Amino acid sequence: MTKILYLQRYRSPLLLLLLPPLTTTTTTTTNAPPHHAAYSSPSSQEGPQMPHEADKAPFMSPTQNPPLKQPSTHHKTPSSLTNKEESWFGAPVIPTGLETQRFRQEIRRGLYTQPTNGKCPGYLQCNLVVLPQGPEAFDFLLFCQRNKKACPLIEVCYGHPHPNGVARQADLRTDVPKYAIYENGKLIAEVTDATDYWPDNAVSFLIGCSFTYDGALLKAGIPLRSAEQGKNVPMYNTNLPCRSAGSLSGNMVVSMKPISALHIAKEVEVTSRFPHAHGGPVCVGRPEAIGVADIHKPDWGDAVEFDPLCNEIPVFHACGVTPQSVLMKSRVPYAITHSAGHMFITDLPSDTSFE
């Protein structure tokens with residue numbers, strides 16, 4: 001098992017970074033676009049500001065249709081946001097030439113925009129949440145710490161979109177197949193390139209995804225029905241409350257896999273080895289126990305067919321769409337997330353330990 005020690009990530013300096021600095025300045029901006037600093041959060045409009053770079057990509061209104069990705073055309077990245085190789089004690093050694101790196105290049109060029117279940121088996125996949133620096137970002141960090149089953153936190157990027165701790169030469173603005181853009185808790189757009197929507201003072205969170213153990217399930221002889229049927233996984237709201245954090249509250253979202261009754265014990269054994277990807281199931285066989293009225297009508301994703309010859313039973317795991325549900329319920333002013341089922345794929349082996 002690959003083992004990585006992250007000694008500095010969750011200590012108090014990060015918490016301080018998520019809050020506005022103590023220096024006092026005042027900014028007045030009207031009709032600011034979403035990616036502008038003055039739009040970033042209510043606190044940033046009336047209080048202290050972080051310094052920002054002037055060289056930013058031009059704004060495109062969320063109401064406009066985003067431009068199609070072009071293989072060789074990209075917005076200029078400010079010099080302060082260039083992707084630099086970092087080295088620190090316990091840093092992972094990430095080789096070049098991995099299939100994950102080639103796959104991210106396909107996504108960046110707009111050649112792949114579909115769900116990532118079954119893709120790059122054996123590698124860690126992550127959900128994405130992006131918030132402007134300020135109270136909401138702090139609350140979300142606290143929410144993840146309090147709800148590790150639904151939101152197992154893998155990486156946090158502050159001040160740049162490059163998750164160097166988990167992926168080589170990656171860019172969170174372009175390397176997810178599809179993004180969801182939210183304003184005041186409402187979905188306003190889904191795009192395949194989030195560059196024009198990215199806040200200047202973004203804080204990005206990567207959360208482990210259950211797609212991470214797809215390879216382990218296949219190796220154990222457990223089929224993935226959604227991938228076999230060419231569908232996204234089905235996801236459902238539940239009646240399982242999460243622990244609230246500041247302004248954020250809501251219920252857990254779960255994903256569902258049809259699993260043969262004879263494979264249930266093995267499925268639990270396999271998935272429980274991946275606590276950084278939601279771990280073992282929260283419910284087996286009784287969807288009504290968690291408030292799911294009809295498994296054939298998911299709230300996100302696609303309904304999947306059960307194989308009647310295999311005596312399959314619905315197995316429910318905590319899902320990284322939980323943050324999207326919570327952000328909508330809590331009416332967060334502005335957020336970017338992955339579109340349900342469209343993950344960021346890292347360069348880390350799926351069995352990486354974050355203890």
# chains A, B, ... in the order shown; residues from 1 in each chain; ligands from 1

$ residues_around --residues "Val315 (chain A)" --least-positions-apart "2" --cutoff "8 Å" --atoms "only C-alpha atoms" --output "count of residues only"
10

$ closest_atom_pairs --of "region 253-336 of chain A" --to "region 224-234 of chain A" --cutoff "9 Å" --atoms "only C-alpha atoms" --output "JSON lines"
{"residue": "A:Val254", "atom": "CA", "partner": "A:Pro234", "partner_atom": "CA", "distance": 8.5}
{"residue": "A:Ser255", "atom": "CA", "partner": "A:Pro234", "partner_atom": "CA", "distance": 5.7}
{"residue": "A:Met256", "atom": "CA", "partner": "A:Pro234", "partner_atom": "CA", "distance": 5.8}
{"residue": "A:Lys257", "atom": "CA", "partner": "A:Arg225", "partner_atom": "CA", "distance": 7.2}
{"residue": "A:Pro258", "atom": "CA", "partner": "A:Arg225", "partner_atom": "CA", "distance": 6.8}
{"residue": "A:Ile259", "atom": "CA", "partner": "A:Leu224", "partner_atom": "CA", "distance": 8.5}
{"residue": "A:Ile295", "atom": "CA", "partner": "A:Pro234", "partner_atom": "CA", "distance": 8.1}
{"residue": "A:His296", "atom": "CA", "partner": "A:Pro234", "partner_atom": "CA", "distance": 8.5}
{"residue": "A:Lys297", "atom": "CA", "partner": "A:Pro234", "partner_atom": "CA", "distance": 8.3}
{"residue": "A:Pro298", "atom": "CA", "partner": "A:Pro234", "partner_atom": "CA", "distance": 5.4}
{"residue": "A:Asp299", "atom": "CA", "partner": "A:Pro234", "partner_atom": "CA", "distance": 7.6}
{"residue": "A:Trp300", "atom": "CA", "partner": "A:Pro234", "partner_atom": "CA", "distance": 6.0}
{"residue": "A:Gly301", "atom": "CA", "partner": "A:Pro234", "partner_atom": "CA", "distance": 4.6}
{"residue": "A:Asp302", "atom": "CA", "partner": "A:Pro234", "partner_atom": "CA", "distance": 4.9}
{"residue": "A:Ala303", "atom": "CA", "partner": "A:Pro234", "partner_atom": "CA", "distance": 5.5}
{"residue": "A:Val304", "atom": "CA", "partner": "A:Ser226", "partner_atom": "CA", "distance": 6.0}
{"residue": "A:Glu305", "atom": "CA", "partner": "A:Arg225", "partner_atom": "CA", "distance": 7.5}
{"residue": "A:Phe306", "atom": "CA", "partner": "A:Arg225", "partner_atom": "CA", "distance": 7.8}
{"residue": "A:Asp307", "atom": "CA", "partner": "A:Arg225", "partner_atom": "CA", "distance": 8.7}

$ write_last_selection --atoms "N, CA, C and O atoms" --output "PDB file, in the first residue's frame"
ATOM      1  N   VAL A 254     -26.266   9.754  -1.517  1.00  0.00           N
ATOM      2  CA  VAL A 254     -25.651   8.436  -1.681  1.00  0.00           C
ATOM      3  C   VAL A 254     -25.659   8.041  -3.157  1.00  0.00           C
ATOM      4  O   VAL A 254     -26.511   8.480  -3.935  1.00  0.00           O
ATOM      5  N   SER A 255     -24.698   7.209  -3.525  1.00  0.00           N
ATOM      6  CA  SER A 255     -24.706   6.554  -4.831  1.00  0.00           C
ATOM      7  C   SER A 255     -25.128   5.099  -4.631  1.00  0.00           C
ATOM      8  O   SER A 255     -25.081   4.573  -3.517  1.00  0.00           O
ATOM      9  N   MET A 256     -25.540   4.447  -5.709  1.00  0.00           N
ATOM     10  CA  MET A 256     -26.046   3.079  -5.591  1.00  0.00           C
ATOM     11  C   MET A 256     -25.396   2.159  -6.624  1.00  0.00           C
ATOM     12  O   MET A 256     -25.211   2.532  -7.773  1.00  0.00           O
ATOM     13  N   LYS A 257     -25.043   0.968  -6.175  1.00  0.00           N
ATOM     14  CA  LYS A 257     -24.539  -0.085  -7.050  1.00  0.00           C
ATOM     15  C   LYS A 257     -25.399  -1.333  -6.885  1.00  0.00           C
ATOM     16  O   LYS A 257     -25.651  -1.764  -5.755  1.00  0.00           O
ATOM     17  N   PRO A 258     -25.852  -1.948  -7.975  1.00  0.00           N
ATOM     18  CA  PRO A 258     -26.488  -3.261  -7.856  1.00  0.00           C
ATOM     19  C   PRO A 258     -25.409  -4.323  -7.627  1.00  0.00           C
ATOM     20  O   PRO A 258     -24.499  -4.470  -8.444  1.00  0.00           O
ATOM     21  N   ILE A 259     -25.504  -5.033  -6.536  1.00  0.00           N
ATOM     22  CA  ILE A 259     -24.505  -6.040  -6.183  1.00  0.00           C
ATOM     23  C   ILE A 259     -25.203  -7.376  -5.943  1.00  0.00           C
ATOM     24  O   ILE A 259     -26.239  -7.443  -5.260  1.00  0.00           O
ATOM     25  N   ILE A 295     -35.754   3.698  -6.401  1.00  0.00           N
ATOM     26  CA  ILE A 295     -34.373   3.620  -6.892  1.00  0.00           C
ATOM     27  C   ILE A 295     -34.297   3.780  -8.404  1.00  0.00           C
ATOM     28  O   ILE A 295     -33.208   3.974  -8.952  1.00  0.00           O
ATOM     29  N   HIS A 296     -35.441   3.705  -9.075  1.00  0.00           N
ATOM     30  CA  HIS A 296     -35.453   3.875 -10.527  1.00  0.00           C
ATOM     31  C   HIS A 296     -35.597   5.343 -10.941  1.00  0.00           C
ATOM     32  O   HIS A 296     -35.637   5.647 -12.133  1.00  0.00           O
ATOM     33  N   LYS A 297     -35.655   6.241  -9.949  1.00  0.00           N
ATOM     34  CA  LYS A 297     -35.757   7.679 -10.216  1.00  0.00           C
ATOM     35  C   LYS A 297     -34.706   8.419  -9.397  1.00  0.00           C
ATOM     36  O   LYS A 297     -35.021   9.062  -8.392  1.00  0.00           O
ATOM     37  N   PRO A 298     -33.442   8.338  -9.801  1.00  0.00           N
ATOM     38  CA  PRO A 298     -32.383   9.002  -9.044  1.00  0.00           C
ATOM     39  C   PRO A 298     -32.488  10.524  -9.153  1.00  0.00           C
ATOM     40  O   PRO A 298     -33.036  11.063 -10.123  1.00  0.00           O
ATOM     41  N   ASP A 299     -31.946  11.224  -8.157  1.00  0.00           N
ATOM     42  CA  ASP A 299     -31.908  12.687  -8.169  1.00  0.00           C
ATOM     43  C   ASP A 299     -30.784  13.211  -9.047  1.00  0.00           C
ATOM     44  O   ASP A 299     -30.855  14.331  -9.550  1.00  0.00           O
ATOM     45  N   TRP A 300     -29.736  12.433  -9.208  1.00  0.00           N
ATOM     46  CA  TRP A 300     -28.629  12.737 -10.117  1.00  0.00           C
ATOM     47  C   TRP A 300     -28.250  11.445 -10.834  1.00  0.00           C
ATOM     48  O   TRP A 300     -28.498  10.346 -10.354  1.00  0.00           O
ATOM     49  N   GLY A 301     -27.621  11.581 -11.988  1.00  0.00           N
ATOM     50  CA  GLY A 301     -27.148  10.411 -12.708  1.00  0.00           C
ATOM     51  C   GLY A 301     -28.262   9.666 -13.423  1.00  0.00           C
ATOM     52  O   GLY A 301     -29.331  10.223 -13.710  1.00  0.00           O
ATOM     53  N   ASP A 302     -28.025   8.384 -13.696  1.00  0.00           N
ATOM     54  CA  ASP A 302     -28.937   7.571 -14.499  1.00  0.00           C
ATOM     55  C   ASP A 302     -29.410   6.347 -13.714  1.00  0.00           C
ATOM     56  O   ASP A 302     -28.644   5.769 -12.926  1.00  0.00           O
ATOM     57  N   ALA A 303     -30.639   5.956 -13.969  1.00  0.00           N
ATOM     58  CA  ALA A 303     -31.137   4.691 -13.413  1.00  0.00           C
ATOM     59  C   ALA A 303     -30.415   3.534 -14.111  1.00  0.00           C
ATOM     60  O   ALA A 303     -30.186   3.573 -15.321  1.00  0.00           O
ATOM     61  N   VAL A 304     -30.036   2.521 -13.352  1.00  0.00           N
ATOM     62  CA  VAL A 304     -29.347   1.367 -13.929  1.00  0.00           C
ATOM     63  C   VAL A 304     -30.237   0.130 -13.809  1.00  0.00           C
ATOM     64  O   VAL A 304     -31.081   0.029 -12.906  1.00  0.00           O
ATOM     65  N   GLU A 305     -30.022  -0.808 -14.723  1.00  0.00           N
ATOM     66  CA  GLU A 305     -30.807  -2.040 -14.730  1.00  0.00           C
ATOM     67  C   GLU A 305     -30.158  -3.089 -13.826  1.00  0.00           C
ATOM     68  O   GLU A 305     -28.933  -3.252 -13.820  1.00  0.00           O
ATOM     69  N   PHE A 306     -30.979  -3.794 -13.074  1.00  0.00           N
ATOM     70  CA  PHE A 306     -30.514  -4.899 -12.249  1.00  0.00           C
ATOM     71  C   PHE A 306     -30.548  -6.183 -13.084  1.00  0.00           C
ATOM     72  O   PHE A 306     -31.427  -6.366 -13.927  1.00  0.00           O
ATOM     73  N   ASP A 307     -29.585  -7.055 -12.824  1.00  0.00           N
ATOM     74  CA  ASP A 307     -29.558  -8.344 -13.509  1.00  0.00           C
ATOM     75  C   ASP A 307     -30.383  -9.342 -12.699  1.00  0.00           C
ATOM     76  O   ASP A 307     -29.966  -9.752 -11.601  1.00  0.00           O
TER      77      ASP A 307
END

$ residues_around --residues "region 92-96 of chain A" --least-positions-apart "3" --cutoff "8 Å" --atoms "only C-alpha atoms" --output "list of chain:residue names"
A:Ile4, A:Gln101, A:Gly165, A:Val166, A:Ala167, A:Arg168, A:Asp347, A:Leu348

$ write_last_selection --atoms "N, CA and C atoms" --output "PDB file, in the first residue's frame"
ATOM      1  N   ILE A   4       1.372   8.039   2.244  1.00  0.00           N
ATOM      2  CA  ILE A   4       1.831   9.412   2.144  1.00  0.00           C
ATOM      3  C   ILE A   4       1.467  10.132   3.433  1.00  0.00           C
ATOM      4  N   GLN A 101      -2.418  11.025 -16.629  1.00  0.00           N
ATOM      5  CA  GLN A 101      -1.951  12.282 -17.216  1.00  0.00           C
ATOM      6  C   GLN A 101      -2.406  12.406 -18.665  1.00  0.00           C
ATOM      7  N   GLY A 165      -0.007  18.128  -4.963  1.00  0.00           N
ATOM      8  CA  GLY A 165       0.157  17.015  -4.036  1.00  0.00           C
ATOM      9  C   GLY A 165      -0.445  15.717  -4.519  1.00  0.00           C
ATOM     10  N   VAL A 166      -1.296  15.781  -5.548  1.00  0.00           N
ATOM     11  CA  VAL A 166      -1.979  14.566  -5.994  1.00  0.00           C
ATOM     12  C   VAL A 166      -1.897  14.324  -7.495  1.00  0.00           C
ATOM     13  N   ALA A 167      -1.489  15.338  -8.275  1.00  0.00           N
ATOM     14  CA  ALA A 167      -1.482  15.185  -9.732  1.00  0.00           C
ATOM     15  C   ALA A 167      -0.415  16.074 -10.349  1.00  0.00           C
ATOM     16  N   ARG A 168       0.316  15.519 -11.298  1.00  0.00           N
ATOM     17  CA  ARG A 168       1.412  16.232 -11.944  1.00  0.00           C
ATOM     18  C   ARG A 168       0.888  17.100 -13.090  1.00  0.00           C
ATOM     19  N   ASP A 347      -3.097  11.321  -9.924  1.00  0.00           N
ATOM     20  CA  ASP A 347      -2.021  10.397 -10.293  1.00  0.00           C
ATOM     21  C   ASP A 347      -1.683   9.433  -9.158  1.00  0.00           C
ATOM     22  N   LEU A 348      -2.427   9.465  -8.072  1.00  0.00           N
ATOM     23  CA  LEU A 348      -2.130   8.624  -6.906  1.00  0.00           C
ATOM     24  C   LEU A 348      -2.820   7.264  -7.023  1.00  0.00           C
TER      25      LEU A 348
END

$ residues_around --residues "region 186-195 of chain A" --least-positions-apart "2" --cutoff "7 Å" --atoms "only C-alpha atoms" --output "PyMOL selection string"
chain A and resi 62+66+113+173-174+177-184+197-198+328

$ write_last_selection --atoms "all heavy atoms" --output "CSV table (one decimal), in the first residue's frame"
chain,number,residue,atom,x,y,z
A,62,PRO,N,-22.0,34.1,-17.0
A,62,PRO,CA,-22.5,32.8,-16.9
A,62,PRO,C,-23.8,32.5,-17.8
A,62,PRO,O,-24.1,31.4,-18.1
A,62,PRO,CB,-22.9,32.6,-15.4
A,62,PRO,CG,-22.0,33.6,-14.8
A,62,PRO,CD,-21.9,34.8,-15.7
A,66,PRO,N,-20.7,29.0,-23.1
A,66,PRO,CA,-19.2,29.0,-23.0
A,66,PRO,C,-18.7,28.6,-24.4
A,66,PRO,O,-19.3,27.8,-25.1
A,66,PRO,CB,-18.9,28.0,-21.9
A,66,PRO,CG,-20.1,27.1,-21.9
A,66,PRO,CD,-21.3,27.9,-22.3
A,113,THR,N,-15.9,14.3,-22.3
A,113,THR,CA,-16.8,15.1,-21.4
A,113,THR,C,-17.8,14.2,-20.7
A,113,THR,O,-18.8,14.8,-20.3
A,113,THR,CB,-17.5,16.2,-22.3
A,113,THR,OG1,-18.3,15.5,-23.3
A,113,THR,CG2,-16.5,17.1,-22.9
A,173,ARG,N,-9.1,24.0,-13.4
A,173,ARG,CA,-10.0,24.8,-14.2
A,173,ARG,C,-10.4,24.1,-15.5
A,173,ARG,O,-11.4,24.4,-16.1
A,173,ARG,CB,-9.4,26.1,-14.5
A,173,ARG,CG,-9.1,27.0,-13.3
A,173,ARG,CD,-8.2,28.2,-13.6
A,173,ARG,NE,-6.9,27.8,-14.2
A,173,ARG,CZ,-6.0,28.7,-14.5
A,173,ARG,NH1,-6.2,30.0,-14.4
A,173,ARG,NH2,-4.8,28.2,-15.0
A,174,THR,N,-9.5,23.1,-15.9
A,174,THR,CA,-9.8,22.5,-17.3
A,174,THR,C,-9.8,21.0,-17.3
A,174,THR,O,-10.1,20.4,-18.3
A,174,THR,CB,-8.6,23.0,-18.2
A,174,THR,OG1,-7.4,22.6,-17.7
A,174,THR,CG2,-8.7,24.5,-18.4
A,177,PRO,N,-14.1,16.7,-16.6
A,177,PRO,CA,-14.9,16.6,-17.8
A,177,PRO,C,-16.1,17.6,-17.9
A,177,PRO,O,-16.4,18.1,-19.0
A,177,PRO,CB,-15.4,15.2,-17.8
A,177,PRO,CG,-14.4,14.5,-17.0
A,177,PRO,CD,-14.0,15.4,-15.9
A,178,LYS,N,-16.7,17.9,-16.8
A,178,LYS,CA,-17.8,18.9,-16.8
A,178,LYS,C,-18.0,19.5,-15.4
A,178,LYS,O,-17.8,18.8,-14.4
A,178,LYS,CB,-19.1,18.2,-17.2
A,178,LYS,CG,-20.3,19.1,-17.4
A,178,LYS,CD,-21.6,18.4,-17.7
A,178,LYS,CE,-21.5,17.7,-19.0
A,178,LYS,NZ,-22.8,17.0,-19.4
A,179,TYR,N,-18.2,20.8,-15.4
A,179,TYR,CA,-18.4,21.6,-14.1
A,179,TYR,C,-19.8,22.1,-14.0
A,179,TYR,O,-20.5,22.3,-15.0
A,179,TYR,CB,-17.4,22.8,-14.1
A,179,TYR,CG,-16.0,22.5,-14.3
A,179,TYR,CD1,-15.5,22.3,-15.6
A,179,TYR,CD2,-15.1,22.4,-13.2
A,179,TYR,CE1,-14.1,22.0,-15.8
A,179,TYR,CE2,-13.8,22.2,-13.4
A,179,TYR,CZ,-13.3,22.0,-14.7
A,179,TYR,OH,-11.9,21.7,-14.9
A,180,ALA,N,-20.2,22.3,-12.7
A,180,ALA,CA,-21.5,22.9,-12.4
A,180,ALA,C,-21.2,24.2,-11.7
A,180,ALA,O,-20.4,24.3,-10.8
A,180,ALA,CB,-22.3,22.0,-11.5
A,181,ILE,N,-21.9,25.3,-12.2
A,181,ILE,CA,-21.7,26.6,-11.6
A,181,ILE,C,-23.0,27.0,-10.8
A,181,ILE,O,-24.1,26.9,-11.4
A,181,ILE,CB,-21.5,27.7,-12.7
A,181,ILE,CG1,-20.5,27.1,-13.8
A,181,ILE,CG2,-21.1,29.0,-12.1
A,181,ILE,CD1,-19.1,26.9,-13.3
A,182,TYR,N,-22.8,27.4,-9.6
A,182,TYR,CA,-23.9,27.8,-8.7
A,182,TYR,C,-23.9,29.2,-8.3
A,182,TYR,O,-22.8,29.8,-8.0
A,182,TYR,CB,-23.9,26.9,-7.5
A,182,TYR,CG,-24.2,25.4,-7.8
A,182,TYR,CD1,-23.1,24.6,-8.0
A,182,TYR,CD2,-25.5,24.9,-7.8
A,182,TYR,CE1,-23.3,23.2,-8.2
A,182,TYR,CE2,-25.7,23.6,-8.0
A,182,TYR,CZ,-24.6,22.7,-8.2
A,182,TYR,OH,-24.8,21.4,-8.5
A,183,GLU,N,-25.0,29.9,-8.3
A,183,GLU,CA,-25.2,31.2,-7.7
A,183,GLU,C,-26.4,31.2,-6.7
A,183,GLU,O,-27.5,30.8,-7.1
A,183,GLU,CB,-25.4,32.3,-8.8
A,183,GLU,CG,-24.2,32.7,-9.5
A,183,GLU,CD,-24.5,33.9,-10.5
A,183,GLU,OE1,-25.6,34.3,-10.5
A,183,GLU,OE2,-23.5,34.3,-11.1
A,184,ASN,N,-26.1,31.6,-5.5
A,184,ASN,CA,-27.2,31.7,-4.5
A,184,ASN,C,-28.0,30.3,-4.4
A,184,ASN,O,-29.2,30.3,-4.3
A,184,ASN,CB,-28.1,32.8,-4.8
A,184,ASN,CG,-27.4,34.2,-4.7
A,184,ASN,OD1,-26.7,34.4,-3.8
A,184,ASN,ND2,-27.7,35.0,-5.7
A,197,TYR,N,-15.0,31.2,-15.2
A,197,TYR,CA,-15.9,31.3,-14.0
A,197,TYR,C,-15.1,31.2,-12.7
A,197,TYR,O,-15.6,31.3,-11.7
A,197,TYR,CB,-16.9,30.1,-14.0
A,197,TYR,CG,-17.8,30.1,-15.2
A,197,TYR,CD1,-17.5,29.6,-16.4
A,197,TYR,CD2,-19.1,30.7,-15.1
A,197,TYR,CE1,-18.4,29.6,-17.5
A,197,TYR,CE2,-20.0,30.7,-16.1
A,197,TYR,CZ,-19.6,30.1,-17.3
A,197,TYR,OH,-20.5,30.1,-18.4
A,198,TRP,N,-13.8,31.0,-12.8
A,198,TRP,CA,-12.9,30.8,-11.7
A,198,TRP,C,-12.7,32.0,-10.8
A,198,TRP,O,-12.3,33.1,-11.4
A,198,TRP,CB,-11.6,30.2,-12.1
A,198,TRP,CG,-10.9,29.4,-11.1
A,198,TRP,CD1,-9.9,29.8,-10.3
A,198,TRP,CD2,-11.1,28.0,-10.9
A,198,TRP,NE1,-9.5,28.7,-9.5
A,198,TRP,CE2,-10.2,27.6,-9.9
A,198,TRP,CE3,-12.0,27.1,-11.4
A,198,TRP,CZ2,-10.2,26.3,-9.4
A,198,TRP,CZ3,-11.9,25.8,-10.9
A,198,TRP,CH2,-11.0,25.4,-9.9
A,328,MET,N,-26.5,24.0,-2.2
A,328,MET,CA,-27.8,24.5,-2.8
A,328,MET,C,-28.7,24.8,-1.6
A,328,MET,O,-29.4,25.9,-1.6
A,328,MET,CB,-28.4,23.5,-3.7
A,328,MET,CG,-27.7,23.4,-5.0
A,328,MET,SD,-28.6,22.4,-6.3
A,328,MET,CE,-28.4,20.7,-5.6

$ residues_around --residues "Cys310 (chain A)" --least-positions-apart "5" --cutoff "9 Å" --atoms "only C-alpha atoms" --output "list of chain:residue names"
A:Ile259, A:Ser260, A:Ala261, A:Leu262

$ residues_around --residues "region 329-338 of chain A" --least-positions-apart "4" --cutoff "8 Å" --atoms "only C-alpha atoms" --output "MDAnalysis selection string"
chainID A and resid 34 40:41 127:132 136 176 178:186 198 247:250 324:325 342:344

$ write_last_selection --atoms "N, CA and C atoms" --output "compact mmCIF listing (two decimals), in the first residue's frame"
# COMPACT_ATOMS: atom_id res chain seq x y z
N PRO A 34 -18.70 37.21 -11.82
CA PRO A 34 -18.49 36.19 -10.79
C PRO A 34 -17.05 35.95 -10.44
N SER A 40 -16.49 37.86 -4.84
CA SER A 40 -16.11 36.58 -4.25
C SER A 40 -16.92 36.19 -3.04
N SER A 41 -17.16 37.10 -2.14
CA SER A 41 -17.94 36.77 -0.97
C SER A 41 -18.45 38.05 -0.35
N ASN A 127 -13.99 14.31 -6.18
CA ASN A 127 -15.00 15.34 -6.38
C ASN A 127 -14.33 16.70 -6.19
N LEU A 128 -14.92 17.74 -6.76
CA LEU A 128 -14.35 19.08 -6.70
C LEU A 128 -15.37 20.07 -6.14
N VAL A 129 -14.91 20.93 -5.23
CA VAL A 129 -15.69 22.08 -4.76
C VAL A 129 -14.77 23.29 -4.76
N VAL A 130 -15.22 24.40 -5.36
CA VAL A 130 -14.45 25.63 -5.41
C VAL A 130 -15.29 26.75 -4.82
N LEU A 131 -14.74 27.46 -3.86
CA LEU A 131 -15.42 28.57 -3.21
C LEU A 131 -14.49 29.78 -3.14
N PRO A 132 -15.04 31.00 -3.16
CA PRO A 132 -14.20 32.17 -2.92
C PRO A 132 -13.67 32.15 -1.50
N GLU A 136 -17.46 31.20 3.79
CA GLU A 136 -18.01 29.95 3.24
C GLU A 136 -16.92 28.89 3.06
N VAL A 176 -11.40 18.65 -15.45
CA VAL A 176 -12.60 17.93 -15.06
C VAL A 176 -13.52 17.88 -16.28
N LYS A 178 -16.71 17.92 -16.77
CA LYS A 178 -17.83 18.86 -16.78
C LYS A 178 -17.97 19.49 -15.39
N TYR A 179 -18.25 20.79 -15.38
CA TYR A 179 -18.37 21.56 -14.14
C TYR A 179 -19.80 22.06 -13.98
N ALA A 180 -20.21 22.27 -12.73
CA ALA A 180 -21.49 22.89 -12.41
C ALA A 180 -21.22 24.23 -11.72
N ILE A 181 -21.91 25.28 -12.16
CA ILE A 181 -21.74 26.63 -11.62
C ILE A 181 -23.00 26.99 -10.85
N TYR A 182 -22.81 27.44 -9.61
CA TYR A 182 -23.94 27.78 -8.74
C TYR A 182 -23.88 29.24 -8.31
N GLU A 183 -25.04 29.89 -8.29
CA GLU A 183 -25.20 31.21 -7.70
C GLU A 183 -26.38 31.19 -6.74
N ASN A 184 -26.13 31.61 -5.50
CA ASN A 184 -27.18 31.66 -4.49
C ASN A 184 -27.95 30.34 -4.39
N GLY A 185 -27.20 29.25 -4.48
CA GLY A 185 -27.79 27.93 -4.31
C GLY A 185 -28.48 27.37 -5.53
N LYS A 186 -28.42 28.07 -6.66
CA LYS A 186 -29.08 27.59 -7.87
C LYS A 186 -28.06 27.28 -8.96
N TRP A 198 -13.77 31.04 -12.84
CA TRP A 198 -12.93 30.77 -11.67
C TRP A 198 -12.74 32.03 -10.83
N SER A 247 -22.58 28.13 8.31
CA SER A 247 -23.76 28.38 7.47
C SER A 247 -24.20 27.16 6.67
N LEU A 248 -23.47 26.05 6.76
CA LEU A 248 -23.72 24.90 5.89
C LEU A 248 -24.43 23.76 6.64
N SER A 249 -25.49 23.26 6.03
CA SER A 249 -26.21 22.13 6.62
C SER A 249 -26.95 21.40 5.50
N GLY A 250 -27.32 20.16 5.78
CA GLY A 250 -28.05 19.38 4.80
C GLY A 250 -27.89 17.90 5.04
N GLN A 324 -22.72 19.43 -3.09
CA GLN A 324 -23.59 20.17 -4.00
C GLN A 324 -24.97 20.36 -3.39
N SER A 325 -25.51 19.29 -2.80
CA SER A 325 -26.80 19.38 -2.16
C SER A 325 -26.77 20.37 -1.00
N HIS A 342 -18.68 13.33 -12.91
CA HIS A 342 -17.56 13.77 -13.76
C HIS A 342 -16.41 14.20 -12.85
N MET A 343 -15.50 13.28 -12.56
CA MET A 343 -14.51 13.48 -11.52
C MET A 343 -13.16 14.01 -12.04
N PHE A 344 -12.39 14.54 -11.09
CA PHE A 344 -10.98 14.83 -11.33
C PHE A 344 -10.19 13.58 -10.99
